[in-house]
file target.csv (CSV, C-alpha atoms and all ligand atoms)
chain,number,residue,atom,x,y,z
A,1,MET,CA,0.0,0.0,0.0
A,2,TYR,CA,1.2,3.5,-0.9
A,3,ASP,CA,0.5,6.7,1.0
A,4,LEU,CA,-0.1,8.4,-2.3
A,5,VAL,CA,-0.9,7.2,-5.8
A,6,ILE,CA,-0.8,9.8,-8.5
A,7,ILE,CA,-2.5,9.1,-11.8
A,8,GLY,CA,-0.7,10.8,-14.6
A,9,SER,CA,2.9,12.1,-15.2
A,10,GLY,CA,2.3,15.5,-16.8
A,11,PRO,CA,3.4,18.7,-14.9
A,12,ALA,CA,0.6,18.3,-12.3
A,13,GLY,CA,1.4,14.7,-11.6
A,14,LEU,CA,5.2,15.3,-11.4
A,15,GLY,CA,4.7,18.4,-9.3
A,16,ALA,CA,2.6,16.3,-6.9
A,17,ALA,CA,5.3,13.6,-6.9
A,18,VAL,CA,8.0,16.0,-5.9
A,19,TYR,CA,5.8,17.5,-3.1
A,20,GLY,CA,4.6,14.1,-2.1
A,21,LYS,CA,8.1,12.7,-1.6
A,22,ARG,CA,9.2,15.9,0.3
A,23,ALA,CA,6.2,15.4,2.6
A,24,GLY,CA,7.6,11.9,3.3
A,25,PHE,CA,4.9,9.9,1.5
A,26,SER,CA,5.5,6.6,-0.3
A,27,THR,CA,4.5,7.8,-3.7
A,28,LEU,CA,3.6,5.9,-6.9
A,29,VAL,CA,3.0,7.6,-10.2
A,30,LEU,CA,0.9,5.7,-12.7
A,31,GLU,CA,1.5,6.7,-16.3
A,32,GLN,CA,0.0,5.4,-19.5
A,33,ALA,CA,3.3,5.6,-21.4
A,34,PRO,CA,6.9,5.7,-20.0
A,35,MET,CA,7.4,9.3,-21.2
A,36,SER,CA,6.6,12.0,-18.8
A,37,GLY,CA,5.3,15.4,-19.7
A,38,GLY,CA,1.8,14.9,-20.8
A,39,GLN,CA,0.7,17.5,-23.4
A,40,ILE,CA,4.0,19.5,-23.2
A,41,LEU,CA,5.6,16.6,-25.0
A,42,ASN,CA,3.8,17.9,-28.1
A,43,THR,CA,5.0,21.4,-27.6
A,44,TYR,CA,8.1,22.5,-29.5
A,45,GLU,CA,8.9,25.4,-27.2
A,46,VAL,CA,7.5,26.5,-23.8
A,47,ASP,CA,8.3,30.2,-23.3
A,48,ASN,CA,6.2,31.1,-20.3
A,49,TYR,CA,7.4,28.9,-17.5
A,50,LEU,CA,9.3,31.0,-15.0
A,51,GLY,CA,13.0,30.6,-15.2
A,52,LEU,CA,13.1,28.2,-18.2
A,53,PRO,CA,12.5,30.5,-21.2
A,54,GLY,CA,12.4,28.7,-24.5
A,55,ILE,CA,12.8,25.2,-23.2
A,56,SER,CA,11.5,22.4,-25.4
A,57,GLY,CA,8.4,20.5,-24.0
A,58,PHE,CA,10.4,17.2,-24.2
A,59,ASP,CA,13.3,18.6,-22.1
A,60,MET,CA,10.9,20.1,-19.6
A,61,GLY,CA,9.1,16.8,-19.2
A,62,MET,CA,12.4,15.0,-18.7
A,63,GLN,CA,13.7,17.5,-16.2
A,64,PHE,CA,10.4,17.3,-14.2
A,65,ARG,CA,10.6,13.6,-14.2
A,66,GLU,CA,14.3,13.4,-13.2
A,67,HIS,CA,13.5,15.7,-10.2
A,68,ALA,CA,10.7,13.4,-9.0
A,69,GLU,CA,12.8,10.3,-9.5
A,70,LYS,CA,15.7,11.8,-7.7
A,71,LEU,CA,13.5,12.3,-4.7
A,72,GLY,CA,12.4,8.6,-4.8
A,73,ALA,CA,9.0,8.7,-6.5
A,74,GLN,CA,8.2,5.3,-8.1
A,75,PHE,CA,6.8,5.1,-11.6
A,76,ARG,CA,4.7,2.3,-13.1
A,77,GLU,CA,3.2,2.0,-16.6
A,78,ALA,CA,-0.5,1.2,-16.4
A,79,GLU,CA,-3.8,2.2,-17.8
A,80,VAL,CA,-6.2,3.2,-15.0
A,81,PHE,CA,-9.7,1.9,-15.2
A,82,GLY,CA,-11.2,3.5,-12.1
A,83,ILE,CA,-10.9,4.0,-8.3
A,84,GLU,CA,-12.7,2.1,-5.6
A,85,ASN,CA,-13.4,4.3,-2.7
A,86,GLY,CA,-13.1,2.7,0.8
A,87,PRO,CA,-13.3,4.5,4.1
A,88,ASP,CA,-9.6,4.2,4.9
A,89,ARG,CA,-8.0,3.3,1.6
A,90,LYS,CA,-8.6,3.7,-2.1
A,91,ILE,CA,-8.0,1.0,-4.7
A,92,VAL,CA,-6.8,2.1,-8.1
A,93,LYS,CA,-7.8,-0.5,-10.7
A,94,THR,CA,-5.4,-0.7,-13.6
A,95,SER,CA,-4.2,-2.8,-16.5
A,96,ALA,CA,-1.2,-3.7,-14.2
A,97,GLY,CA,-3.4,-4.8,-11.3
A,98,ASP,CA,-4.8,-3.1,-8.3
A,99,PHE,CA,-2.8,-0.5,-6.3
A,100,GLU,CA,-3.9,0.5,-2.7
A,101,ALA,CA,-3.4,4.0,-1.5
A,102,GLY,CA,-4.2,6.2,1.4
A,103,ALA,CA,-5.0,9.0,-1.0
A,104,VAL,CA,-5.2,9.5,-4.7
A,105,ILE,CA,-4.4,12.5,-6.9
A,106,ILE,CA,-5.9,12.4,-10.3
A,107,ALA,CA,-3.7,14.3,-12.7
A,108,SER,CA,-4.8,12.6,-15.9
A,109,GLY,CA,-4.8,15.8,-18.0
A,110,ALA,CA,-6.7,16.4,-21.2
A,111,THR,CA,-6.4,15.4,-24.9
A,112,HIS,CA,-7.1,17.2,-28.2
A,113,ARG,CA,-10.6,17.6,-29.3
A,114,LYS,CA,-11.8,16.4,-32.7
A,115,LEU,CA,-13.3,18.7,-35.3
A,116,GLY,CA,-16.0,16.1,-36.3
A,117,VAL,CA,-16.1,16.8,-40.0
A,118,PRO,CA,-16.1,14.4,-43.0
A,119,GLY,CA,-12.6,13.4,-44.0
A,120,GLU,CA,-11.1,13.9,-40.5
A,121,GLU,CA,-11.1,10.3,-39.4
A,122,GLU,CA,-10.6,8.9,-42.9
A,123,LEU,CA,-7.5,11.0,-43.5
A,124,SER,CA,-6.0,10.9,-40.0
A,125,GLY,CA,-2.3,10.1,-40.4
A,126,MET,CA,-2.6,10.8,-44.1
A,127,GLY,CA,-2.3,14.5,-43.8
A,128,VAL,CA,-4.6,15.1,-40.8
A,129,SER,CA,-2.6,15.6,-37.6
A,130,TYR,CA,-3.2,16.8,-34.1
A,131,CYS,CA,0.5,17.3,-33.3
A,132,ALA,CA,2.6,19.8,-35.3
A,133,THR,CA,5.9,18.9,-33.5
A,134,CYS,CA,5.4,15.2,-34.2
A,135,ASP,CA,4.3,15.4,-37.8
A,136,GLY,CA,5.4,18.9,-39.0
A,137,ALA,CA,8.6,17.6,-40.6
A,138,PHE,CA,6.6,15.5,-43.1
A,139,PHE,CA,5.4,18.8,-44.6
A,140,LYS,CA,8.7,20.5,-45.3
A,141,ASP,CA,8.3,23.0,-48.2
A,142,ARG,CA,4.6,22.2,-48.5
A,143,THR,CA,1.4,24.0,-47.7
A,144,VAL,CA,-0.6,23.3,-44.6
A,145,ALA,CA,-3.5,24.7,-42.7
A,146,VAL,CA,-3.9,24.9,-38.9
A,147,ILE,CA,-7.4,25.0,-37.6
A,148,GLY,CA,-8.1,26.9,-34.4
A,149,GLY,CA,-7.3,30.2,-32.7
A,150,GLY,CA,-6.0,29.3,-29.3
A,151,ASP,CA,-2.4,29.1,-27.9
A,152,VAL,CA,-1.9,25.7,-29.4
A,153,ALA,CA,-3.0,26.6,-32.9
A,154,VAL,CA,-0.8,29.7,-32.9
A,155,GLU,CA,2.2,27.9,-31.5
A,156,ASP,CA,1.7,25.1,-34.1
A,157,ALA,CA,1.5,27.6,-36.9
A,158,ILE,CA,4.7,29.4,-35.8
A,159,PHE,CA,6.4,26.1,-35.6
A,160,LEU,CA,5.2,24.9,-39.0
A,161,ALA,CA,6.1,28.2,-40.7
A,162,ARG,CA,9.8,27.4,-40.0
A,163,GLY,CA,9.7,24.4,-42.5
A,164,CYS,CA,6.6,24.8,-44.6
A,165,LYS,CA,6.2,26.9,-47.7
A,166,LYS,CA,2.9,28.3,-46.6
A,167,VAL,CA,0.7,28.0,-43.5
A,168,TYR,CA,-2.9,29.0,-43.4
A,169,VAL,CA,-4.5,29.6,-40.0
A,170,VAL,CA,-8.2,29.0,-40.3
A,171,HIS,CA,-10.2,30.5,-37.5
A,172,ARG,CA,-14.0,30.6,-37.0
A,173,ARG,CA,-13.9,34.2,-35.7
A,174,ASP,CA,-12.1,37.4,-36.6
A,175,GLU,CA,-9.8,37.5,-33.6
A,176,LEU,CA,-7.6,35.0,-32.0
A,177,ARG,CA,-7.9,33.8,-28.4
A,178,ALA,CA,-4.1,33.0,-28.2
A,179,ALA,CA,-1.8,35.1,-26.0
A,180,LYS,CA,-1.0,38.5,-27.5
A,181,SER,CA,2.8,37.8,-27.6
A,182,LEU,CA,2.1,34.7,-29.7
A,183,GLN,CA,-0.2,36.6,-32.0
A,184,GLU,CA,2.6,39.2,-32.6
A,185,GLN,CA,5.1,36.5,-33.5
A,186,LEU,CA,2.5,34.9,-35.8
A,187,PHE,CA,1.5,38.0,-37.7
A,188,ALA,CA,5.2,38.9,-38.3
A,189,LEU,CA,5.7,35.7,-40.4
A,190,PRO,CA,5.7,36.2,-44.1
A,191,ASN,CA,4.5,32.7,-45.0
A,192,VAL,CA,1.5,32.7,-42.7
A,193,GLU,CA,-1.9,33.7,-44.0
A,194,MET,CA,-5.0,34.2,-41.8
A,195,VAL,CA,-8.3,32.8,-43.0
A,196,TRP,CA,-10.8,34.5,-40.8
A,197,ASN,CA,-14.5,33.7,-40.0
A,198,CYS,CA,-14.3,30.3,-41.6
A,199,THR,CA,-15.5,26.9,-40.4
A,200,VAL,CA,-14.5,23.6,-41.9
A,201,ASN,CA,-17.1,21.7,-44.0
A,202,GLU,CA,-14.9,18.9,-45.0
A,203,ILE,CA,-11.3,17.7,-45.3
A,204,LEU,CA,-10.7,16.7,-48.9
A,205,GLY,CA,-8.6,13.9,-50.3
A,206,THR,CA,-8.7,10.3,-51.1
A,207,GLU,CA,-5.4,8.7,-50.2
A,208,ALA,CA,-3.9,11.9,-48.7
A,209,VAL,CA,-5.2,15.3,-47.9
A,210,SER,CA,-5.6,17.5,-50.9
A,211,GLY,CA,-7.5,20.4,-49.5
A,212,LEU,CA,-10.2,21.9,-47.3
A,213,SER,CA,-13.7,22.9,-48.0
A,214,LEU,CA,-14.5,25.9,-45.9
A,215,HIS,CA,-17.6,28.1,-45.2
A,216,ASP,CA,-17.0,31.8,-44.9
A,217,LYS,CA,-19.6,32.9,-42.3
A,218,LYS,CA,-19.3,36.6,-43.0
A,219,GLU,CA,-19.6,36.3,-46.8
A,220,ASN,CA,-22.0,33.3,-46.5
A,221,ARG,CA,-20.2,31.3,-49.2
A,222,ASP,CA,-18.1,28.1,-49.5
A,223,LEU,CA,-14.5,28.1,-50.7
A,224,GLU,CA,-11.7,25.6,-51.1
A,225,LEU,CA,-8.1,25.8,-49.9
A,226,PHE,CA,-5.5,23.5,-51.5
A,227,VAL,CA,-3.3,22.1,-48.7
A,228,ASP,CA,-1.2,19.0,-48.2
A,229,GLY,CA,-1.7,18.8,-44.5
A,230,VAL,CA,-4.2,19.9,-41.8
A,231,PHE,CA,-3.3,20.4,-38.2
A,232,ILE,CA,-6.3,20.5,-35.9
A,233,ALA,CA,-5.9,22.5,-32.7
A,234,VAL,CA,-9.5,23.2,-31.5
A,235,GLY,CA,-9.1,22.7,-27.8
A,236,ILE,CA,-8.9,19.9,-25.3
A,237,SER,CA,-11.3,17.5,-23.4
A,238,PRO,CA,-10.6,16.1,-20.0
A,239,ASN,CA,-9.3,12.5,-19.5
A,240,SER,CA,-11.8,11.9,-16.9
A,241,GLY,CA,-13.9,9.0,-18.2
A,242,ALA,CA,-12.5,6.5,-15.8
A,243,PHE,CA,-13.3,8.6,-12.7
A,244,ALA,CA,-16.7,10.1,-13.7
A,245,LYS,CA,-18.6,7.4,-11.8
A,246,THR,CA,-16.6,8.0,-8.6
A,247,VAL,CA,-16.2,11.8,-8.4
A,248,LYS,CA,-18.4,14.7,-9.5
A,249,THR,CA,-17.7,16.3,-12.9
A,250,ASP,CA,-19.2,19.4,-14.5
A,251,ALA,CA,-21.4,19.1,-17.6
A,252,SER,CA,-18.3,19.0,-19.9
A,253,GLY,CA,-16.6,16.2,-17.9
A,254,TRP,CA,-14.0,18.3,-16.0
A,255,LEU,CA,-13.5,17.0,-12.4
A,256,GLU,CA,-15.1,19.4,-10.0
A,257,ALA,CA,-12.4,20.7,-7.7
A,258,GLY,CA,-11.2,24.1,-6.5
A,259,GLU,CA,-7.7,25.4,-5.8
A,260,ASP,CA,-7.3,22.9,-2.9
A,261,CYS,CA,-7.9,20.2,-5.5
A,262,ALA,CA,-10.4,18.4,-3.3
A,263,THR,CA,-13.0,16.5,-5.3
A,264,SER,CA,-16.5,15.4,-4.1
A,265,VAL,CA,-14.8,12.3,-2.5
A,266,PRO,CA,-12.6,12.8,0.6
A,267,GLY,CA,-9.1,11.4,-0.1
A,268,ILE,CA,-9.4,11.8,-3.9
A,269,PHE,CA,-7.9,14.9,-5.4
A,270,ALA,CA,-7.8,16.4,-8.9
A,271,ALA,CA,-4.8,18.4,-10.1
A,272,GLY,CA,-3.9,20.1,-13.4
A,273,ASP,CA,-5.9,20.3,-16.6
A,274,VAL,CA,-8.4,17.6,-15.7
A,275,ARG,CA,-10.0,19.7,-13.0
A,276,THR,CA,-12.4,22.7,-13.3
A,277,LYS,CA,-10.2,25.8,-13.6
A,278,LYS,CA,-9.7,29.0,-15.5
A,279,LEU,CA,-6.1,28.8,-16.7
A,280,ARG,CA,-4.7,25.6,-18.0
A,281,GLN,CA,-0.9,26.2,-18.2
A,282,VAL,CA,2.2,24.3,-17.2
A,283,ILE,CA,2.8,26.7,-14.3
A,284,THR,CA,-0.8,26.3,-13.0
A,285,ALA,CA,-0.6,22.5,-13.4
A,286,VAL,CA,2.6,22.3,-11.3
A,287,ALA,CA,1.0,24.6,-8.7
A,288,ASP,CA,-2.0,22.3,-8.5
A,289,GLY,CA,0.4,19.4,-7.8
A,290,ALA,CA,1.7,21.2,-4.8
A,291,ASN,CA,-1.7,22.3,-3.6
A,292,ALA,CA,-3.1,18.8,-4.0
A,293,VAL,CA,-0.3,17.4,-1.7
A,294,ALA,CA,-1.0,20.0,0.9
A,295,SER,CA,-4.6,18.9,0.9
A,296,VAL,CA,-3.5,15.2,1.1
A,297,GLN,CA,-1.5,16.1,4.2
A,298,GLU,CA,-4.6,17.8,5.8
A,299,TYR,CA,-6.7,14.8,4.8
A,300,PHE,CA,-4.4,12.4,6.6
A,301,LEU,CA,-4.3,14.6,9.7
A,302,HIS,CA,-8.1,14.7,9.6
A,303,ILE,CA,-8.6,10.9,9.3
A,304,LYS,CA,-6.0,10.1,11.9
A,305,GLY,CA,-7.2,12.4,14.5
B,1,LIG,P1,-8.4,26.7,-26.6
B,1,LIG,O1,-7.6,27.8,-25.9
B,1,LIG,O2,-9.6,26.2,-26.0
B,1,LIG,O3,-8.6,27.1,-28.1
B,1,LIG,C1,-9.3,26.4,-29.0
B,1,LIG,C2,-9.5,27.1,-30.2
B,1,LIG,O4,-10.2,26.3,-31.2
B,1,LIG,C3,-10.3,28.4,-30.1
B,1,LIG,O5,-9.8,29.4,-30.8
B,1,LIG,C4,-11.7,28.0,-30.6
B,1,LIG,O6,-12.4,29.0,-31.2
B,1,LIG,C5,-11.3,27.0,-31.7
B,1,LIG,N1,-12.4,26.0,-31.8
B,1,LIG,C6,-13.0,25.2,-30.9
B,1,LIG,N2,-13.9,24.4,-31.5
B,1,LIG,C7,-13.8,24.6,-32.8
B,1,LIG,C8,-14.5,24.1,-33.9
B,1,LIG,N3,-15.4,23.1,-33.8
B,1,LIG,N4,-14.2,24.5,-35.1
B,1,LIG,C9,-13.3,25.5,-35.3
B,1,LIG,N5,-12.6,26.1,-34.3
B,1,LIG,C10,-12.9,25.6,-33.0
B,1,LIG,O7,-7.5,25.4,-26.7
B,1,LIG,P2,-5.9,25.2,-26.9
B,1,LIG,O8,-5.3,26.2,-27.8
B,1,LIG,O9,-5.8,23.7,-27.2
B,1,LIG,O10,-5.3,25.4,-25.5
B,1,LIG,C11,-5.8,24.6,-24.4
B,1,LIG,C12,-5.3,25.1,-23.1
B,1,LIG,O11,-3.9,24.9,-22.9
B,1,LIG,C13,-5.6,26.6,-23.0
B,1,LIG,O12,-6.0,27.0,-21.7
B,1,LIG,C14,-4.2,27.2,-23.3
B,1,LIG,O13,-4.0,28.5,-22.7
B,1,LIG,C15,-3.3,26.2,-22.7
B,1,LIG,N6,-2.0,26.2,-23.3
B,1,LIG,C16,-0.9,26.6,-22.5
B,1,LIG,C17,0.3,26.6,-23.0
B,1,LIG,C18,1.5,27.0,-22.1
B,1,LIG,O14,1.3,27.0,-20.8
B,1,LIG,N7,2.6,27.4,-22.7
B,1,LIG,C19,0.6,26.3,-24.3
B,1,LIG,C20,-0.5,25.9,-25.1
B,1,LIG,C21,-1.7,25.8,-24.6
B,1,LIG,P3,-13.0,30.3,-30.4
B,1,LIG,O15,-11.8,31.1,-30.1
B,1,LIG,O16,-13.9,30.9,-31.4
B,1,LIG,O17,-13.6,29.7,-29.2

call {"tool": "encode", "arguments": {"input": "target.csv", "output": "C-alpha cells", "more": "lines below"}}
Ligand code: NAP
result
Amino acid sequence: MYDLVIIGSGPAGLGAAVYGKRAGFSTLVLEQAPMSGGQILNTYEVDNYLGLPGISGFDMGMQFREHAEKLGAQFREAEVFGIENGPDRKIVKTSAGDFEAGAVIIASGATHRKLGVPGEEELSGMGVSYCATCDGAFFKDRTVAVIGGGDVAVEDAIFLARGCKKVYVVHRRDELRAAKSLQEQLFALPNVEMVWNCTVNEILGTEAVSGLSLHDKKENRDLELFVDGVFIAVGISPNSGAFAKTVKTDASGWLEAGEDCATSVPGIFAAGDVRTKKLRQVITAVADGANAVASVQEYFLHIKG
C-alpha cells in the first residue's frame, strides 16, 4: 500500500510527486506511457514557464521527471480503469493490477478535441494531424492549414512556418484567443496567411489530404483551400472517463475541484488540466500538484485524528 498514488505524469502529476516525496509519503506515479510530460511533449517550445524560457516541451518533461525520480518517487506504466473508494483506503484499478493508496491524486490531464467533419477520421495520419511537433517535418516546403485560434493553434502555426512553404491559419472568428505575444510572432511571419471567419465543412482527399472545404460565415459562401496537411488544434477535453462514476464532474466532464484540488470524494484529489479551472498552463498545473499534496496532508491529519 502506498500513502499516495498519483494518476498521470504530466506537470501536475510530477509536481505532486515532488511535493509528495518531500512530505515523506511513499509515492507511486501511474503513467500510460513511460514518457513523462503529458501535453507538453507535443510542444516545441515552452516560453512562459518561470526561469526556463524557450525550453522544449520534451526537455521540460524529462527534467520534471528526473526531479521526481531523484527524490524517490516510483513510476509504473499502467492504464487506469477506475478508483474504488473505501473509508480508509482507495483501490486504483489498472491494467497492471490493483494499487492501494491512502489518498489518490488524479492528474490525468486532457487530450485534443476532434473537429468532427467528414474526412477527418478517414485521412487521420494521411495528412490530418493533431501534433505539429510530431508530424510537421513531413510537410517541409509544402502547404498546410492549422485549424483553431488558441495558444496551441498559434504555437503550431509558428512552428510549422519554420519548415513549410505556406501556413494558413483557419479560424472561425475574426480575432484569436491566443496570448498577444504569440499573435505578434505569428503576424510577423511572411509565409502565414490568416483565414478569418471560416469553419471547416470537410477535409478533402482520397489517399492523402488535398484540400479543405470551408464556409465563410461573413460572406456566406463556401470556398476551397489547397493544402497538403491539416493540423487540428481546436481545444482539449478532460481525460476523466475512468473517474466520472466516482467523483463529481461538470457538464463538460472536468472533475469538479477548487484550488485545494479536493473532489467530491474525501481522499481523492484532482490536479492540473483535468479539474475545473480557469487557466490551463504548465505553471498552474505544477502549482496544482503542490496544492493537492498540501490537501492530502490535511486529509491524513483529519482521518488520523
Ligand atoms: P483553446 O484555448 O480552447 O482554443 C481552442 C480554439 O479552437 C479556439 O480558438 C476555438 O475558437 C477553436 N475551436 C473550438 N472548437 C472549434 C470548432 N469546432 N471549429 C473551429 N474552431 C474551433 O485550446 P488550446 O489552444 O488547445 O489550449 C488549451 C489550453 O492549454 C488553454 O488553456 C491554453 O492556454 C493552454 N496552453 C498553455 C500553454 C502554455 O502553458 N505554454 C501552451 C499551449 C496551450 P474560439 O476562439 O472561437 O472559441

call {"tool": "closest_residue", "arguments": {"input": "target.csv", "among": "A:Ala132, A:Ala290, A:Val46, A:Ala157", "to": "ligand LIG 1 (chain B)", "atoms": "all atoms listed in the file"}}
result
A:Val46

call {"tool": "closest_atom_pairs", "arguments": {"input": "target.csv", "of": "chain A", "to": "ligand LIG 1 (chain B)", "cutoff": "7 Å", "atoms": "only C-alpha atoms and all ligand atoms", "output": "JSON lines"}}
result
{"residue": "A:Val46", "atom": "CA", "partner": "B:LIG1", "partner_atom": "N7", "distance": 5.1}
{"residue": "A:Asp47", "atom": "CA", "partner": "B:LIG1", "partner_atom": "N7", "distance": 6.4}
{"residue": "A:Asn48", "atom": "CA", "partner": "B:LIG1", "partner_atom": "N7", "distance": 5.7}
{"residue": "A:His112", "atom": "CA", "partner": "B:LIG1", "partner_atom": "O9", "distance": 6.7}
{"residue": "A:Leu115", "atom": "CA", "partner": "B:LIG1", "partner_atom": "N3", "distance": 5.1}
{"residue": "A:Ile147", "atom": "CA", "partner": "B:LIG1", "partner_atom": "N5", "distance": 6.3}
{"residue": "A:Gly148", "atom": "CA", "partner": "B:LIG1", "partner_atom": "O4", "distance": 3.9}
{"residue": "A:Gly149", "atom": "CA", "partner": "B:LIG1", "partner_atom": "O5", "distance": 3.2}
{"residue": "A:Gly150", "atom": "CA", "partner": "B:LIG1", "partner_atom": "O8", "distance": 3.5}
{"residue": "A:Asp151", "atom": "CA", "partner": "B:LIG1", "partner_atom": "O8", "distance": 4.1}
{"residue": "A:Val152", "atom": "CA", "partner": "B:LIG1", "partner_atom": "O8", "distance": 3.8}
{"residue": "A:Ala153", "atom": "CA", "partner": "B:LIG1", "partner_atom": "O8", "distance": 5.6}
{"residue": "A:His171", "atom": "CA", "partner": "B:LIG1", "partner_atom": "N5", "distance": 5.9}
{"residue": "A:Arg172", "atom": "CA", "partner": "B:LIG1", "partner_atom": "C9", "distance": 5.4}
{"residue": "A:Arg173", "atom": "CA", "partner": "B:LIG1", "partner_atom": "O16", "distance": 5.4}
{"residue": "A:Leu176", "atom": "CA", "partner": "B:LIG1", "partner_atom": "O15", "distance": 6.0}
{"residue": "A:Arg177", "atom": "CA", "partner": "B:LIG1", "partner_atom": "O15", "distance": 5.0}
{"residue": "A:Ala178", "atom": "CA", "partner": "B:LIG1", "partner_atom": "O1", "distance": 6.7}
{"residue": "A:Thr199", "atom": "CA", "partner": "B:LIG1", "partner_atom": "C9", "distance": 5.7}
{"residue": "A:Val200", "atom": "CA", "partner": "B:LIG1", "partner_atom": "N4", "distance": 6.9}
{"residue": "A:Ala233", "atom": "CA", "partner": "B:LIG1", "partner_atom": "O9", "distance": 5.6}
{"residue": "A:Val234", "atom": "CA", "partner": "B:LIG1", "partner_atom": "O4", "distance": 3.2}
{"residue": "A:Gly235", "atom": "CA", "partner": "B:LIG1", "partner_atom": "O7", "distance": 3.3}
{"residue": "A:Ile236", "atom": "CA", "partner": "B:LIG1", "partner_atom": "O9", "distance": 5.3}
{"residue": "A:Leu279", "atom": "CA", "partner": "B:LIG1", "partner_atom": "O12", "distance": 5.3}
{"residue": "A:Arg280", "atom": "CA", "partner": "B:LIG1", "partner_atom": "O12", "distance": 4.2}
{"residue": "A:Gln281", "atom": "CA", "partner": "B:LIG1", "partner_atom": "O14", "distance": 3.5}
{"residue": "A:Val282", "atom": "CA", "partner": "B:LIG1", "partner_atom": "O14", "distance": 4.6}
{"residue": "A:Ile283", "atom": "CA", "partner": "B:LIG1", "partner_atom": "O14", "distance": 6.7}

call {"tool": "residues_around", "arguments": {"input": "target.csv", "residues": "stretch 239-242 of chain A", "least_positions_apart": "5", "cutoff": "8 Å", "atoms": "only C-alpha atoms", "output": "PyMOL selection string"}}
result
chain A and resi 80-82+108-111+253-255+274

call {"tool": "closest_residue", "arguments": {"input": "target.csv", "among": "A:Thr249, A:Ser9, A:Thr276, A:Ser264", "to": "A:Ala33", "atoms": "all atoms listed in the file"}}
result
A:Ser9

call {"tool": "closest_residue", "arguments": {"input": "target.csv", "among": "A:Ala179, A:Asp174, A:Val117, A:Val209", "to": "A:Asn197", "atoms": "only C-alpha atoms"}}
result
A:Asp174

call {"tool": "closest_residue", "arguments": {"input": "target.csv", "among": "A:Glu155, A:Glu259, A:Glu84, A:Glu193", "to": "A:Val169", "atoms": "only C-alpha atoms"}}
result
A:Glu193

call {"tool": "closest_residue", "arguments": {"input": "target.csv", "among": "A:Val128, A:His67, A:Tyr49, A:Ala78", "to": "A:Glu31", "atoms": "all atoms listed in the file"}}
result
A:Ala78

call {"tool": "atom_distance", "arguments": {"input": "target.csv", "atom1": "atom CA of A:Glu79", "atom2": "atom CA of A:Val29"}}
result
11.5 Å

call {"tool": "closest_residue", "arguments": {"input": "target.csv", "among": "A:Gln183, A:Gln63, A:Gln297, A:Thr43", "to": "A:Gly20", "atoms": "all atoms listed in the file"}}
result
A:Gln297

call {"tool": "closest_atom_pairs", "arguments": {"input": "target.csv", "of": "stretch 94-178 of chain A", "to": "stretch 211-228 of chain A", "cutoff": "7 Å", "atoms": "all atoms listed in the file", "output": "CSV"}}
result
residue,atom,partner,partner_atom,distance
A:Gly127,CA,A:Asp228,CA,6.4
A:Arg142,CA,A:Asp228,CA,6.6
A:Thr143,CA,A:Val227,CA,5.2
A:Val144,CA,A:Val227,CA,5.1
A:Ala145,CA,A:Val227,CA,6.5

call {"tool": "write_last_selection", "arguments": {"input": "target.csv", "atoms": "C-alpha atoms", "output": "PDB file, keeping the file's coordinate frame"}}
result
ATOM      1  CA  GLY A 127      -2.300  14.500 -43.800  1.00  0.00           C
ATOM      2  CA  ARG A 142       4.600  22.200 -48.500  1.00  0.00           C
ATOM      3  CA  THR A 143       1.400  24.000 -47.700  1.00  0.00           C
ATOM      4  CA  VAL A 144      -0.600  23.300 -44.600  1.00  0.00           C
ATOM      5  CA  ALA A 145      -3.500  24.700 -42.700  1.00  0.00           C
TER       6      ALA A 145
END

call {"tool": "atom_distance", "arguments": {"input": "target.csv", "atom1": "atom CA of A:Tyr130", "atom2": "atom CA of A:Phe64"}}
result
24.1 Å

call {"tool": "residues_around", "arguments": {"input": "target.csv", "residues": "A:Phe75", "least_positions_apart": "6", "cutoff": "10 Å", "atoms": "all atoms listed in the file", "output": "list in words"}}
result
Val5, Ile6, Gly8, Ser9, Ala17, Thr27, Leu28, Val29, Leu30, Glu31, Pro34, Ser36, Arg65, Ala68 and Glu69 of chain A

call {"tool": "atom_distance", "arguments": {"input": "target.csv", "atom1": "atom CA of A:Leu182", "atom2": "atom CA of A:Val154"}}
result
6.6 Å
